[in-house]
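Q: Below is one structure. I have some questions about it.
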Amino acid sequence: MHSSKKIVVLGHFGVGKTSLIRRFVTDTFSDNYKVTIGVHITKKLVEIAVDREVSLILWDLEGTDEIESIRDSYLLGTHGLVFVFDVSRPSTFEHLGNDLKIVRNKVPETPLMVVGNKSDLVDKAELKTVLDENELSADFLTSAKTGEFVNELFLKLATLLVGDA
Amino acid sequence: MLKLYQEEFANKNMQFILLDSEGVVIESDQKLFDIPVDSSILKLHPFFESLPALFDSAEEVFDFFCIHLALKENTFTTDIKLLKKRDEFLLIITDLTEHYDSYQSVTQSRNESVIKTELTVLKNLELQERERFKNRFIQNFSHELRNPLTSIMAIIDILGDTKMTTEQTKMLDFLKESNSNLRLMLEDTLSIGMIDAGKLEIQHKLFNLRKFFELMQFTYSAKTKKKGLKFVSFWDDRIPEFIEGDRLRLFQIVANLLDNAIKYSENGTVSFKIGLNQKRANTANLRFEVIDTGIGIPEESQEAIFESFHREQPTQKGKGTGLGLTIVKRLLKLMNSKIQLNSEQNKGSVFYFDMSFKYPLPSESKWSEHGNKKRANIGRKARKKYKVLLVEDDEYVQLTLFKILLNTDSFQIDLAYDGALVLQEVVNGDYDIILMDVDLPNLTGIQITQLIRDFPFKNIKNIPIIGITANAYQENLDKCMAAGMNDVVIKPYEKEKLLNTILKNLR
């Protein structure tokens, strides 16, 4: 059984959205930061169970510190969302609650994963303090650099979307 | 003609594709890329896989901006418009690669700059936090050391007044010297913390430089002799006897330089000189020099020795914190001077600095000296027993203060270690002076002082109060004085200094 799901990856600039997708799709990582302009779209076929595959169409949106400015057309027909913040840069998560509210208003009832990326830059104890102090609740703390929890993130979302289908 | 030109340039970067409701190509003008008629556009690029979801939508026009299309033969950054035309769909793809590429470089610089600034701010905050932690640690650490050090110093003084055998006297001298080294190390450690925190203030008080010189002469003659070195000193008689400056810091600088000279000299001479560079109006510029015939410092290390924890020979069983020369450098900077070094390996080193001091008219200095003598005489006279209230919760400090005061046979002492008790004692006690530990738990010495100063009765509110504290930071001393204390003595203190302060403030 095969299906196709559109997943939009969004968040502030420089949080590692492109790196997360690249790690997931090609299992590579580059330290060079190259700004994404507009949208880059890639695709990966994922086996979520025996004889059960799903094509994830990953929309890598240009990062912005004004989430409300994201074009609505990008979100048309979206099955799932990944909102990424950078655990080492407070400016990317200090308004997380409000950012998520804006996203949910644009695409209500679309499954959404909140991801704290660059977990390799902060030690575990400090990371816990950062999350507690800012009352942040992330579904995954990932590192595109080391690959930690990257596959788990997309597989979980894929399973969730196929289950919802 | 114009139409021809228009055909040549217009629509060059646009492709029109007509699709059916399954996404199959009906017609394409192939301006940007080739896509065969009857093929599915959904397979061309993942972007197009999202189109079928829009075909059933009630909306008739969809705009997608800045879509990156990486196709087999070419890569475009495009704006894409989808229009419903009855049962067909028109796709207009506009290639804006050049436009978006220029936007990309601007955004790249802007984003990199914002991220860099944010990370720099965060790094600075982290460094500041570490600095604060380090200073708090040093402050607490030195604070905790001061109490036991005070007790040791007091016991050494008291023992010195008892009858001892020659061997015991030697051992006591050794103990005294070790304690004095320990005290200098403590001062050095604390000074680094204070300088880093910007809390070290240089004093400008009148003191007798000649006596300072004689003290160094006396102390370091003994120290060099012990190591089999010769000590040479020089004093220029044209130097004013009294100068305005920070005696403690000057002592710290010279003592560190002399200790260093002794540490790194196995034989030969250690010299200490104070010379006059020039004298104008009431300002004298002096040169302080410490010369040794020790191991010397190779040229490549001459800057590094002024960094914290540097040791020229790590294997050498040298004493000290490794902070000595750092302290010298940083204190001198605060005092608008600079340490200079001439050194040759295996021949020795010359450390020197020049510093300007104001000096008063001769009559002022005589008065000051006279004042000191007067205070000492009051102590010796001891015409009556003064009533002292000692407010201190540390029993070792209590014991040593008791010993110091009782040995003079001039004081009658009551003890209180709790804020509430102090006020009761003060009302009933008719005290001549209060010795107040500043760092009491619960109600602090500062708070108790404020309460006493707020009393309505003159005989109580005016009792002289001497604060005793292990916290040598200027802001702590300022708080003590602002609360109404008459003076503050910093632990570890010398017996003479404590007694002189008490006598100076007795009512």
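FYI, nothing fancy with the structure tokens labels: chains A, B, ... in order, residues from 1 per chain, ligands from 1 as they appear.
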Which chain B residues have any atom within 10 Å of an atom of chain A, and for each, what is the nearest pair of atoms with distance in Å to one decimal, counting only C-alpha atoms, rows sorted by chain and number, as JSON lines?

A:
{"residue": "B:His45", "atom": "CA", "partner": "A:Ile41", "partner_atom": "CA", "distance": 8.4}
{"residue": "B:Pro46", "atom": "CA", "partner": "A:Thr42", "partner_atom": "CA", "distance": 6.3}
{"residue": "B:Phe47", "atom": "CA", "partner": "A:Ile41", "partner_atom": "CA", "distance": 6.2}
{"residue": "B:Phe48", "atom": "CA", "partner": "A:Ile41", "partner_atom": "CA", "distance": 9.9}
{"residue": "B:Glu49", "atom": "CA", "partner": "A:Ile57", "partner_atom": "CA", "distance": 8.1}
{"residue": "B:Ser50", "atom": "CA", "partner": "A:Gly77", "partner_atom": "CA", "distance": 6.9}
{"residue": "B:Leu51", "atom": "CA", "partner": "A:Gly77", "partner_atom": "CA", "distance": 8.6}
{"residue": "B:Pro52", "atom": "CA", "partner": "A:Gly77", "partner_atom": "CA", "distance": 9.2}
{"residue": "B:Ala53", "atom": "CA", "partner": "A:Gly77", "partner_atom": "CA", "distance": 5.9}
{"residue": "B:Leu54", "atom": "CA", "partner": "A:Gly77", "partner_atom": "CA", "distance": 7.2}
{"residue": "B:Ser57", "atom": "CA", "partner": "A:Gly77", "partner_atom": "CA", "distance": 9.9}
{"residue": "B:Phe62", "atom": "CA", "partner": "A:Ser73", "partner_atom": "CA", "distance": 7.0}
{"residue": "B:Asp63", "atom": "CA", "partner": "A:Ser73", "partner_atom": "CA", "distance": 6.6}
{"residue": "B:Phe64", "atom": "CA", "partner": "A:Ser73", "partner_atom": "CA", "distance": 6.2}
{"residue": "B:Phe65", "atom": "CA", "partner": "A:Gly38", "partner_atom": "CA", "distance": 6.8}
{"residue": "B:Cys66", "atom": "CA", "partner": "A:Gly38", "partner_atom": "CA", "distance": 4.5}
{"residue": "B:Ile67", "atom": "CA", "partner": "A:Val39", "partner_atom": "CA", "distance": 5.1}
{"residue": "B:His68", "atom": "CA", "partner": "A:His40", "partner_atom": "CA", "distance": 5.3}
{"residue": "B:Leu69", "atom": "CA", "partner": "A:His40", "partner_atom": "CA", "distance": 7.6}
{"residue": "B:Ala70", "atom": "CA", "partner": "A:His40", "partner_atom": "CA", "distance": 8.8}
{"residue": "B:Thr77", "atom": "CA", "partner": "A:Gly38", "partner_atom": "CA", "distance": 8.5}
{"residue": "B:Thr78", "atom": "CA", "partner": "A:Gly38", "partner_atom": "CA", "distance": 9.3}
{"residue": "B:Asp79", "atom": "CA", "partner": "A:Gly38", "partner_atom": "CA", "distance": 9.7}
{"residue": "B:Tyr100", "atom": "CA", "partner": "A:Ile37", "partner_atom": "CA", "distance": 7.4}
{"residue": "B:Asp101", "atom": "CA", "partner": "A:Ile37", "partner_atom": "CA", "distance": 8.5}
{"residue": "B:Tyr103", "atom": "CA", "partner": "A:Ile37", "partner_atom": "CA", "distance": 8.0}
{"residue": "B:Gln104", "atom": "CA", "partner": "A:Ile37", "partner_atom": "CA", "distance": 6.1}
{"residue": "B:Ser105", "atom": "CA", "partner": "A:Val35", "partner_atom": "CA", "distance": 8.4}
{"residue": "B:Val106", "atom": "CA", "partner": "A:Val35", "partner_atom": "CA", "distance": 9.8}
{"residue": "B:Thr107", "atom": "CA", "partner": "A:Val35", "partner_atom": "CA", "distance": 7.1}
{"residue": "B:Gln108", "atom": "CA", "partner": "A:Val35", "partner_atom": "CA", "distance": 5.4}
{"residue": "B:Ser109", "atom": "CA", "partner": "A:Val35", "partner_atom": "CA", "distance": 9.1}
{"residue": "B:Arg110", "atom": "CA", "partner": "A:Val35", "partner_atom": "CA", "distance": 9.9}
{"residue": "B:Asn111", "atom": "CA", "partner": "A:Phe13", "partner_atom": "CA", "distance": 7.2}
{"residue": "B:Glu112", "atom": "CA", "partner": "A:Gly14", "partner_atom": "CA", "distance": 8.3}
{"residue": "B:Val114", "atom": "CA", "partner": "A:Gly14", "partner_atom": "CA", "distance": 9.8}
{"residue": "B:Ile115", "atom": "CA", "partner": "A:Gly14", "partner_atom": "CA", "distance": 7.5}
{"residue": "B:Glu118", "atom": "CA", "partner": "A:Arg89", "partner_atom": "CA", "distance": 7.5}
{"residue": "B:Leu119", "atom": "CA", "partner": "A:Arg89", "partner_atom": "CA", "distance": 7.3}
{"residue": "B:Leu122", "atom": "CA", "partner": "A:Arg89", "partner_atom": "CA", "distance": 8.2}

Q: Kindly export the residues of the current selection with C-alpha atoms, as a PDB file, in the first residue's frame.

A:
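The resulting file, selection-v6.pdb, is reproduced below:
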ATOM      1  CA  HIS B  45       9.170  17.191  -9.593  1.00  0.00           C
ATOM      2  CA  PRO B  46       7.744  16.586  -6.095  1.00  0.00           C
ATOM      3  CA  PHE B  47       6.230  20.103  -6.174  1.00  0.00           C
ATOM      4  CA  PHE B  48       3.684  19.001  -8.757  1.00  0.00           C
ATOM      5  CA  GLU B  49       2.568  16.068  -6.583  1.00  0.00           C
ATOM      6  CA  SER B  50       0.767  18.616  -4.431  1.00  0.00           C
ATOM      7  CA  LEU B  51      -1.364  19.875  -7.344  1.00  0.00           C
ATOM      8  CA  PRO B  52      -4.126  17.219  -7.419  1.00  0.00           C
ATOM      9  CA  ALA B  53      -5.136  18.277  -3.907  1.00  0.00           C
ATOM     10  CA  LEU B  54      -5.919  21.727  -5.386  1.00  0.00           C
ATOM     11  CA  SER B  57     -10.681  23.199  -4.433  1.00  0.00           C
ATOM     12  CA  PHE B  62      -3.288  29.657  -6.789  1.00  0.00           C
ATOM     13  CA  ASP B  63       0.029  31.470  -6.558  1.00  0.00           C
ATOM     14  CA  PHE B  64       3.262  29.880  -5.409  1.00  0.00           C
ATOM     15  CA  PHE B  65       6.271  32.105  -5.067  1.00  0.00           C
ATOM     16  CA  CYS B  66       9.934  31.207  -5.157  1.00  0.00           C
ATOM     17  CA  ILE B  67       9.604  27.508  -5.826  1.00  0.00           C
ATOM     18  CA  HIS B  68      12.906  25.798  -6.391  1.00  0.00           C
ATOM     19  CA  LEU B  69      12.597  23.311  -9.250  1.00  0.00           C
ATOM     20  CA  ALA B  70      15.580  21.016  -9.645  1.00  0.00           C
ATOM     21  CA  THR B  77      13.760  29.267  -9.047  1.00  0.00           C
ATOM     22  CA  THR B  78      10.255  30.086 -10.173  1.00  0.00           C
ATOM     23  CA  ASP B  79       6.928  31.658  -9.409  1.00  0.00           C
ATOM     24  CA  TYR B 100      15.954  35.277  -6.408  1.00  0.00           C
ATOM     25  CA  ASP B 101      19.701  34.582  -6.523  1.00  0.00           C
ATOM     26  CA  TYR B 103      17.870  38.170  -2.997  1.00  0.00           C
ATOM     27  CA  GLN B 104      19.568  35.041  -1.669  1.00  0.00           C
ATOM     28  CA  SER B 105      22.941  36.732  -1.185  1.00  0.00           C
ATOM     29  CA  VAL B 106      21.367  39.702   0.621  1.00  0.00           C
ATOM     30  CA  THR B 107      19.375  37.416   2.926  1.00  0.00           C
ATOM     31  CA  GLN B 108      22.430  35.226   3.509  1.00  0.00           C
ATOM     32  CA  SER B 109      24.462  38.193   4.789  1.00  0.00           C
ATOM     33  CA  ARG B 110      21.587  39.520   6.872  1.00  0.00           C
ATOM     34  CA  ASN B 111      20.824  36.163   8.521  1.00  0.00           C
ATOM     35  CA  GLU B 112      24.483  35.374   9.169  1.00  0.00           C
ATOM     36  CA  VAL B 114      21.868  38.390  13.011  1.00  0.00           C
ATOM     37  CA  ILE B 115      22.913  34.896  14.113  1.00  0.00           C
ATOM     38  CA  GLU B 118      22.996  36.789  18.846  1.00  0.00           C
ATOM     39  CA  LEU B 119      25.644  34.149  19.505  1.00  0.00           C
ATOM     40  CA  LEU B 122      24.979  34.857  24.395  1.00  0.00           C
TER      41      LEU B 122
END

Q: Which residues are near Glu214 in chain B? Cut-off 12 Å, only C-alpha atoms, ignore same chain within fewer than 4 positions. Put them as a ChimeraX atom specification.

A: /B:208-210,218-221,233-235,241,251,272-274

Q: With only C-alpha atoms as the counted atoms, please give the residues lying no more than 12 Å from Lys338 in chain B, apart from itself and same-chain residues fewer than 6 positions off, as JSON, numbers by chain.

A: {"B": [253, 287, 288, 306, 325, 326, 327, 328, 329, 330, 331, 332, 351, 352, 353, 354, 355, 356]}

Q: Got time to write the residues from that selection, all heavy atoms, as a short mmCIF file (atom, residue, chain, number, x, y, z; two decimals), in the first residue's frame?

A:
data_model
loop_
_atom_site.label_atom_id
_atom_site.label_comp_id
_atom_site.auth_asym_id
_atom_site.auth_seq_id
_atom_site.Cartn_x
_atom_site.Cartn_y
_atom_site.Cartn_z
N ILE B 253 52.56 44.96 45.95
CA ILE B 253 53.38 44.96 44.73
C ILE B 253 54.84 44.66 45.06
O ILE B 253 55.45 43.75 44.50
CB ILE B 253 53.27 46.34 44.01
CG1 ILE B 253 51.85 46.53 43.46
CG2 ILE B 253 54.30 46.46 42.89
CD1 ILE B 253 51.52 47.96 43.08
N ARG B 287 60.95 55.91 41.56
CA ARG B 287 61.19 54.61 40.88
C ARG B 287 61.42 53.54 41.94
O ARG B 287 62.26 53.68 42.83
CB ARG B 287 62.40 54.70 39.97
CG ARG B 287 62.79 53.33 39.42
CD ARG B 287 63.63 53.41 38.19
NE ARG B 287 62.91 54.00 37.07
CZ ARG B 287 63.38 54.05 35.83
NH1 ARG B 287 64.56 53.54 35.55
NH2 ARG B 287 62.68 54.61 34.87
N PHE B 288 60.66 52.47 41.85
CA PHE B 288 60.81 51.31 42.74
C PHE B 288 61.48 50.21 41.92
O PHE B 288 61.00 49.88 40.84
CB PHE B 288 59.44 50.81 43.24
CG PHE B 288 58.73 51.79 44.12
CD1 PHE B 288 58.10 52.92 43.58
CD2 PHE B 288 58.67 51.60 45.49
CE1 PHE B 288 57.45 53.83 44.40
CE2 PHE B 288 58.03 52.51 46.31
CZ PHE B 288 57.41 53.63 45.77
N PHE B 306 53.55 37.44 33.29
CA PHE B 306 52.57 38.32 33.93
C PHE B 306 51.15 37.79 33.80
O PHE B 306 50.20 38.42 34.23
CB PHE B 306 52.65 39.73 33.35
CG PHE B 306 53.96 40.41 33.66
CD1 PHE B 306 54.94 40.53 32.69
CD2 PHE B 306 54.22 40.88 34.94
CE1 PHE B 306 56.15 41.13 32.97
CE2 PHE B 306 55.45 41.48 35.23
CZ PHE B 306 56.40 41.60 34.24
N LEU B 325 52.91 38.00 39.92
CA LEU B 325 53.24 39.00 38.92
C LEU B 325 52.00 39.53 38.19
O LEU B 325 51.99 40.65 37.72
CB LEU B 325 54.26 38.44 37.92
CG LEU B 325 55.67 38.25 38.50
CD1 LEU B 325 56.60 37.63 37.47
CD2 LEU B 325 56.25 39.58 39.00
N THR B 326 50.96 38.70 38.13
CA THR B 326 49.69 39.17 37.54
C THR B 326 49.13 40.28 38.41
O THR B 326 48.67 41.32 37.91
CB THR B 326 48.68 38.01 37.49
OG1 THR B 326 49.29 36.92 36.85
CG2 THR B 326 47.43 38.40 36.74
N ILE B 327 49.17 40.05 39.73
CA ILE B 327 48.69 41.07 40.67
C ILE B 327 49.49 42.35 40.49
O ILE B 327 48.94 43.45 40.41
CB ILE B 327 48.89 40.57 42.13
CG1 ILE B 327 48.01 39.36 42.39
CG2 ILE B 327 48.63 41.66 43.13
CD1 ILE B 327 46.58 39.70 42.55
N VAL B 328 50.83 42.20 40.41
CA VAL B 328 51.70 43.36 40.27
C VAL B 328 51.29 44.16 39.03
O VAL B 328 51.07 45.37 39.09
CB VAL B 328 53.18 42.91 40.16
CG1 VAL B 328 54.07 44.05 39.72
CG2 VAL B 328 53.65 42.34 41.49
N LYS B 329 51.15 43.44 37.91
CA LYS B 329 50.82 44.11 36.65
C LYS B 329 49.47 44.82 36.74
O LYS B 329 49.33 45.99 36.35
CB LYS B 329 50.80 43.06 35.53
CG LYS B 329 50.55 43.63 34.16
CD LYS B 329 50.46 42.52 33.14
CE LYS B 329 49.91 43.07 31.82
NZ LYS B 329 49.71 42.00 30.86
N ARG B 330 48.50 44.12 37.29
CA ARG B 330 47.14 44.68 37.27
C ARG B 330 46.97 45.78 38.31
O ARG B 330 46.25 46.76 38.07
CB ARG B 330 46.13 43.56 37.44
CG ARG B 330 46.21 42.64 36.22
CD ARG B 330 45.43 41.41 36.34
NE ARG B 330 44.02 41.66 36.09
CZ ARG B 330 43.12 40.71 35.93
NH1 ARG B 330 43.47 39.46 35.98
NH2 ARG B 330 41.86 41.00 35.73
N LEU B 331 47.62 45.63 39.47
CA LEU B 331 47.54 46.71 40.47
C LEU B 331 48.21 47.96 39.92
O LEU B 331 47.69 49.08 40.07
CB LEU B 331 48.21 46.28 41.77
CG LEU B 331 47.41 45.35 42.68
CD1 LEU B 331 48.22 44.96 43.90
CD2 LEU B 331 46.09 46.00 43.11
N LEU B 332 49.37 47.77 39.29
CA LEU B 332 50.08 48.94 38.75
C LEU B 332 49.26 49.65 37.69
O LEU B 332 49.26 50.87 37.60
CB LEU B 332 51.45 48.54 38.21
CG LEU B 332 52.52 48.31 39.29
CD1 LEU B 332 53.78 47.74 38.69
CD2 LEU B 332 52.83 49.61 40.03
N PHE B 351 63.16 44.24 37.91
CA PHE B 351 61.76 44.66 37.79
C PHE B 351 61.68 46.08 38.34
O PHE B 351 62.18 46.35 39.44
CB PHE B 351 60.85 43.76 38.63
CG PHE B 351 60.64 42.39 38.07
CD1 PHE B 351 61.51 41.34 38.39
CD2 PHE B 351 59.59 42.13 37.21
CE1 PHE B 351 61.33 40.07 37.87
CE2 PHE B 351 59.38 40.85 36.69
CZ PHE B 351 60.25 39.82 37.02
N TYR B 352 61.07 47.00 37.61
CA TYR B 352 60.92 48.34 38.16
C TYR B 352 59.64 49.00 37.66
O TYR B 352 59.06 48.58 36.65
CB TYR B 352 62.15 49.20 37.83
CG TYR B 352 62.33 49.54 36.37
CD1 TYR B 352 61.83 50.72 35.85
CD2 TYR B 352 63.00 48.67 35.52
CE1 TYR B 352 61.99 51.03 34.50
CE2 TYR B 352 63.17 48.97 34.17
CZ TYR B 352 62.66 50.14 33.67
OH TYR B 352 62.81 50.45 32.34
N PHE B 353 59.21 49.99 38.42
CA PHE B 353 58.07 50.80 37.97
C PHE B 353 58.22 52.21 38.51
O PHE B 353 58.87 52.43 39.54
CB PHE B 353 56.73 50.19 38.43
CG PHE B 353 56.57 50.02 39.92
CD1 PHE B 353 56.00 51.02 40.70
CD2 PHE B 353 57.00 48.85 40.54
CE1 PHE B 353 55.85 50.85 42.06
CE2 PHE B 353 56.85 48.67 41.92
CZ PHE B 353 56.27 49.67 42.67
N ASP B 354 57.65 53.15 37.78
CA ASP B 354 57.67 54.56 38.21
C ASP B 354 56.27 54.94 38.64
O ASP B 354 55.29 54.54 38.01
CB ASP B 354 58.11 55.46 37.06
CG ASP B 354 59.55 55.17 36.62
OD1 ASP B 354 60.35 54.73 37.49
OD2 ASP B 354 59.86 55.34 35.43
N MET B 355 56.19 55.72 39.70
CA MET B 355 54.86 56.12 40.17
C MET B 355 54.92 57.53 40.77
O MET B 355 55.88 57.86 41.46
CB MET B 355 54.37 55.12 41.22
CG MET B 355 52.88 55.17 41.44
SD MET B 355 52.40 53.92 42.62
CE MET B 355 52.34 52.48 41.62
N SER B 356 53.87 58.29 40.49
CA SER B 356 53.82 59.66 41.05
C SER B 356 52.97 59.69 42.30
O SER B 356 51.92 59.04 42.35
CB SER B 356 53.23 60.63 40.03
OG SER B 356 54.13 60.81 38.98
#

Q: Near Val46 in chain A, counting only C-alpha atoms, which residues have an atom at most 12 Å away, once you skip same-chain residues fewer than 2 positions from it, shown as number ranges by chain?

A: A: 1-5, 24-25, 43-44, 48-57, 151-152, 154-159, 162

Q: I need the residues from that last selection saved to file as a PDB file, in the first residue's frame (with C-alpha atoms), if you can.

A:
ATOM      1  CA  MET A   1       0.000   0.000   0.000  1.00  0.00           C
ATOM      2  CA  HIS A   2       1.466   3.331  -1.044  1.00  0.00           C
ATOM      3  CA  SER A   3       0.424   6.886  -0.287  1.00  0.00           C
ATOM      4  CA  SER A   4       1.910  10.362  -0.505  1.00  0.00           C
ATOM      5  CA  LYS A   5       1.957  12.984   2.263  1.00  0.00           C
ATOM      6  CA  PHE A  24      16.774  12.394   6.712  1.00  0.00           C
ATOM      7  CA  VAL A  25      16.808  12.162   2.923  1.00  0.00           C
ATOM      8  CA  LYS A  43      10.792  13.465  -1.484  1.00  0.00           C
ATOM      9  CA  LYS A  44      11.569  10.314   0.436  1.00  0.00           C
ATOM     10  CA  ILE A  48       6.557   2.429   8.086  1.00  0.00           C
ATOM     11  CA  ALA A  49       5.559  -1.214   8.312  1.00  0.00           C
ATOM     12  CA  VAL A  50       5.890  -4.414   6.283  1.00  0.00           C
ATOM     13  CA  ASP A  51       4.361  -3.716   2.882  1.00  0.00           C
ATOM     14  CA  ARG A  52       3.346  -0.300   3.947  1.00  0.00           C
ATOM     15  CA  GLU A  53       5.179   2.608   2.345  1.00  0.00           C
ATOM     16  CA  VAL A  54       4.561   6.298   2.283  1.00  0.00           C
ATOM     17  CA  SER A  55       6.139   9.016   0.125  1.00  0.00           C
ATOM     18  CA  LEU A  56       6.946  12.026   2.208  1.00  0.00           C
ATOM     19  CA  ILE A  57       6.968  15.225   0.143  1.00  0.00           C
ATOM     20  CA  ASN A 151      14.741   9.421  11.472  1.00  0.00           C
ATOM     21  CA  GLU A 152      12.579   8.841  14.552  1.00  0.00           C
ATOM     22  CA  PHE A 154       9.938  11.713  10.440  1.00  0.00           C
ATOM     23  CA  LEU A 155       8.962   8.076  10.956  1.00  0.00           C
ATOM     24  CA  LYS A 156       6.726   8.994  13.837  1.00  0.00           C
ATOM     25  CA  LEU A 157       5.057  11.729  11.803  1.00  0.00           C
ATOM     26  CA  ALA A 158       4.673   9.428   8.796  1.00  0.00           C
ATOM     27  CA  THR A 159       3.080   6.740  10.940  1.00  0.00           C
ATOM     28  CA  VAL A 162      -0.875   7.196   7.531  1.00  0.00           C
TER      29      VAL A 162
END

Q: Hey, what does DSSP flag as strand (DSSP E) within range 168-227 of chain B? Can you give it to me as a list of chain:residue names?

A: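 Strand (DSSP E) members of range 168-227 of chain B, listed: B:Lys205, B:Leu206, B:Phe207, B:Asn208.
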
Q: Write out as a list in words all residues of range 37-125 of chain A that DSSP puts in helix (DSSP H, G or I) for this structure's backbone.

A: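 So, restricting range 37-125 of chain A to helix (DSSP H, G or I), we get Ile67, Glu68, Ser69, Asp72, Ser73, Tyr74, Leu75, Pro90, Ser91, Thr92, Leu96, Gly97, Asn98, Asp99, Leu100, Lys101, Ile102, Val103, Arg104, Asn105, Lys106, Ser119, Asp120, Leu121, Lys124 and Ala125 of chain A.
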
Q: Next, the residues of the selection above should be written as a compact mmCIF listing (two decimals), in the first residue's frame with N, CA, C and O atoms.

A:
# COMPACT_ATOMS: atom_id res chain seq x y z
N ILE A 67 6.54 34.43 11.83
CA ILE A 67 5.85 33.23 11.36
C ILE A 67 4.56 33.58 10.61
O ILE A 67 4.17 32.90 9.65
N GLU A 68 3.92 34.68 11.02
CA GLU A 68 2.65 35.06 10.36
C GLU A 68 2.85 35.43 8.89
O GLU A 68 1.91 35.44 8.11
N SER A 69 4.14 35.73 8.52
CA SER A 69 4.39 36.14 7.13
C SER A 69 4.50 34.95 6.17
O SER A 69 4.65 35.13 4.97
N ASP A 72 0.29 31.53 2.72
CA ASP A 72 -0.73 30.50 2.91
C ASP A 72 -0.68 29.43 1.83
O ASP A 72 -0.98 28.26 2.08
N SER A 73 -0.28 29.83 0.61
CA SER A 73 -0.30 28.86 -0.50
C SER A 73 0.65 27.68 -0.22
O SER A 73 0.41 26.57 -0.63
N TYR A 74 1.75 27.96 0.52
CA TYR A 74 2.69 26.89 0.85
C TYR A 74 2.03 25.82 1.71
O TYR A 74 2.44 24.67 1.71
N LEU A 75 1.04 26.25 2.46
CA LEU A 75 0.43 25.32 3.42
C LEU A 75 -0.77 24.57 2.85
O LEU A 75 -1.31 23.68 3.50
N PRO A 90 17.99 31.37 21.95
CA PRO A 90 16.70 31.70 22.57
C PRO A 90 15.74 32.45 21.66
O PRO A 90 14.53 32.27 21.76
N SER A 91 16.27 33.28 20.75
CA SER A 91 15.36 34.07 19.91
C SER A 91 14.46 33.18 19.06
O SER A 91 13.42 33.61 18.60
N THR A 92 14.88 31.92 18.84
CA THR A 92 14.09 31.03 17.99
C THR A 92 12.99 30.30 18.76
O THR A 92 12.16 29.63 18.16
N LEU A 96 7.71 30.78 21.22
CA LEU A 96 7.26 29.53 20.62
C LEU A 96 5.75 29.34 20.72
O LEU A 96 5.09 28.97 19.75
N GLY A 97 5.20 29.63 21.90
CA GLY A 97 3.76 29.46 22.12
C GLY A 97 2.97 30.25 21.09
O GLY A 97 2.04 29.73 20.45
N ASN A 98 3.35 31.49 20.90
CA ASN A 98 2.65 32.36 19.96
C ASN A 98 2.85 31.90 18.52
O ASN A 98 1.92 31.90 17.71
N ASP A 99 4.10 31.50 18.20
CA ASP A 99 4.40 31.02 16.84
C ASP A 99 3.53 29.81 16.50
O ASP A 99 2.97 29.72 15.40
N LEU A 100 3.42 28.88 17.46
CA LEU A 100 2.62 27.67 17.20
C LEU A 100 1.14 28.01 17.05
O LEU A 100 0.43 27.41 16.24
N LYS A 101 0.71 29.00 17.82
CA LYS A 101 -0.69 29.43 17.73
C LYS A 101 -0.99 29.95 16.31
O LYS A 101 -2.03 29.63 15.71
N ILE A 102 -0.06 30.74 15.79
CA ILE A 102 -0.23 31.29 14.44
C ILE A 102 -0.31 30.16 13.41
O ILE A 102 -1.18 30.14 12.54
N VAL A 103 0.62 29.19 13.55
CA VAL A 103 0.64 28.07 12.60
C VAL A 103 -0.67 27.29 12.68
O VAL A 103 -1.27 26.95 11.66
N ARG A 104 -1.11 27.04 13.91
CA ARG A 104 -2.34 26.22 14.09
C ARG A 104 -3.57 26.95 13.55
O ARG A 104 -4.53 26.32 13.09
N ASN A 105 -3.55 28.27 13.61
CA ASN A 105 -4.66 29.05 13.05
C ASN A 105 -4.70 28.94 11.53
O ASN A 105 -5.75 28.95 10.91
N LYS A 106 -3.49 28.85 10.94
CA LYS A 106 -3.42 28.78 9.48
C LYS A 106 -3.87 27.41 8.98
O LYS A 106 -4.53 27.31 7.96
N SER A 119 20.72 19.86 19.26
CA SER A 119 20.88 19.40 20.64
C SER A 119 22.34 19.05 20.94
O SER A 119 22.74 19.00 22.10
N ASP A 120 23.14 18.85 19.90
CA ASP A 120 24.56 18.54 20.12
C ASP A 120 25.34 19.74 20.66
O ASP A 120 26.42 19.61 21.22
N LEU A 121 24.77 20.94 20.51
CA LEU A 121 25.49 22.15 20.96
C LEU A 121 25.29 22.46 22.43
O LEU A 121 25.96 23.31 22.99
N LYS A 124 23.27 17.96 28.02
CA LYS A 124 21.93 17.44 28.38
C LYS A 124 21.29 18.19 29.57
O LYS A 124 20.12 18.55 29.53
N ALA A 125 22.13 18.42 30.61
CA ALA A 125 21.58 19.07 31.81
C ALA A 125 21.13 20.50 31.49
O ALA A 125 20.06 20.95 31.91

Q: Find the residues near Glu494 in chain B: any atom within 9 Å, counting only C-alpha atoms, skip ones fewer than 2 places away on the same chain, and give them as a VMD selection string.

A: chain B and resid 150 153 to 154 157 491 to 492 496 to 499

Q: What's the 8 Å shell around Cys480 in chain B, counting only C-alpha atoms, without same-chain residues fewer than 6 positions away, as a PyMOL selection string?

A: chain B and resi 438+446+467+488
